[in-house]
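Asker: Here it is: the structure, laid out below.
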Amino acid sequence: TKNNEHVERTLPIGSQKEAVLLLRNFESSGRGWFWSTDANGNINYLSMPVLTLLNMAPADVLGKRFLSLFHGASEHEENQRTLPFILTKQSKFDDLPLQAAIEGDEIWWSVSGKPYRDGAGNFAGFRGSGTDITKLRRSAKDNSKLATYDSLTGLLNRFLMSKLLETTLSA
């Protein structure tokens with residue numbers, strides 16, 4: 001009885017329709033988005049807020065390569081696995097920073113994904129989520145600039161200027 005009560009409280013209540021409504025509510029909040037691919041890496045689901053941001057209709061994206069959503073998806077910092085490598089290896093990935101393929105705007109997403117399998121156990125594609133990290137990246141970039149440049153003159157700060165002068169004189 002007590003065990004049954006515990007089990008009942010941990011089981012999800014509601015329907016699949018309710019779960020879909022909750023997911024749509026989360027997507028529309030702007031806090032995150034979802035995506036899914038087939039086994040060939042082609043998009044078979046992408047949240048509407050991302051489609052709106054990309055200025056595309058679902059028909060423009062469905063069936064296209066997931067990699068097409070990102071600029072330089074294969075160009076990352078050293079020691080960081082690239083998205084094409086991860087997708088090829090069918091590996092799970094978390095919080096991979098990727099720049100959105102949007103002309104004229106610099107949008108960055110933190111993307112996570114996990115491979116899924118069909119009923120027979122065959123690789124069927126990836127499912128995942130993303131969040132907008134543009135503000136965080138801009139803030140980090142601004143902080144880095146403040147640490148190396150004088151805010152009044154826009155020139156290298158005194159410490160870096162003396163290092164540069166020292167290096168130049170010693171050469």
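Numbering starts fresh at 1 for the residues of each chain in the structure tokens, the chains themselves are lettered A, B, ... in the order given, and ligands are numbered from 1 as they appear.
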Residues at most 9 Å from Leu98 of chain A, counting only C-alpha atoms, excluding those fewer than 3 positions away in the same chain, as a PyMOL selection string?
Answerer: chain A and resi 70-73+76+83+107-111
Asker: Tell me, which residues of segment 49-135 of chain A carry DSSP strand (DSSP E), written as a ChimeraX atom specification?
Answerer: /A:70-71,93-100,108-117,123-132
Asker: Each residue of segment 115-135 of chain A with at least one atom at most 12 Å from segment 61-68 of chain A should appear once, together with its nearest atom pair and the corresponding distance in Å (one decimal); atoms considered: only C-alpha atoms; ordering: chain, then increasing residue number; output as CSV.
Answerer:
```
residue,atom,partner,partner_atom,distance
A:Gly125,CA,A:Phe66,CA,10.8
A:Phe126,CA,A:Phe66,CA,9.8
A:Arg127,CA,A:Phe66,CA,11.0
A:Gly128,CA,A:Phe66,CA,11.3
```
Asker: Limited to N, CA, C and O atoms, could you put the picked residues into a file as an mmCIF file, in the first residue's frame?
Answerer:
```cif
data_model
loop_
_atom_site.group_PDB
_atom_site.id
_atom_site.type_symbol
_atom_site.label_atom_id
_atom_site.label_comp_id
_atom_site.auth_asym_id
_atom_site.auth_seq_id
_atom_site.Cartn_x
_atom_site.Cartn_y
_atom_site.Cartn_z
ATOM 1 N N GLY A 125 18.568 7.871 -35.661
ATOM 2 C CA GLY A 125 18.799 9.308 -35.754
ATOM 3 C C GLY A 125 19.167 9.896 -34.413
ATOM 4 O O GLY A 125 19.578 9.185 -33.491
ATOM 5 N N PHE A 126 19.010 11.203 -34.315
ATOM 6 C CA PHE A 126 19.306 11.933 -33.081
ATOM 7 C C PHE A 126 18.087 12.717 -32.651
ATOM 8 O O PHE A 126 17.297 13.169 -33.493
ATOM 9 N N ARG A 127 17.968 12.921 -31.366
ATOM 10 C CA ARG A 127 16.982 13.831 -30.788
ATOM 11 C C ARG A 127 17.733 14.713 -29.815
ATOM 12 O O ARG A 127 18.642 14.247 -29.125
ATOM 13 N N GLY A 128 17.335 15.969 -29.772
ATOM 14 C CA GLY A 128 18.047 16.838 -28.858
ATOM 15 C C GLY A 128 17.352 18.160 -28.618
ATOM 16 O O GLY A 128 16.204 18.367 -29.012
#
```
Asker: Provide the atom CA of Asp105 of chain A to atom CA of Ser28 of chain A distance in Å, to one decimal place.
Answerer: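 Those two atoms sit 20.9 Å apart.
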Asker: Of the candidates A:Gln90, A:Thr153, A:Thr168, A:Gln99, which one gets nearest to Thr134 of chain A if we count only C-alpha atoms?
Answerer: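 Using only C-alpha atoms, the shortest distance to Thr134 of chain A belongs to A:Gln99.
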Asker: Using only C-alpha atoms for the distances, tell me which of A:Ser170, A:Ser15, A:Thr88, A:Ser47 is nearest to Pro115 of chain A.
Answerer: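 Under the stated criterion, the closest residue is A:Thr88.
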Asker: How many Å separate atom CA of Thr52 of chain A from atom CA of Asp38 of chain A?
Answerer: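 Atom CA of Asp38 of chain A lies at a distance of 22.0 Å from atom CA of Thr52 of chain A.
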Asker: So, counting only C-alpha atoms, which residue among A:Glu106, A:Glu27, A:Leu96, A:Ile43 is closest to Ala59 of chain A?
Answerer: A:Ile43
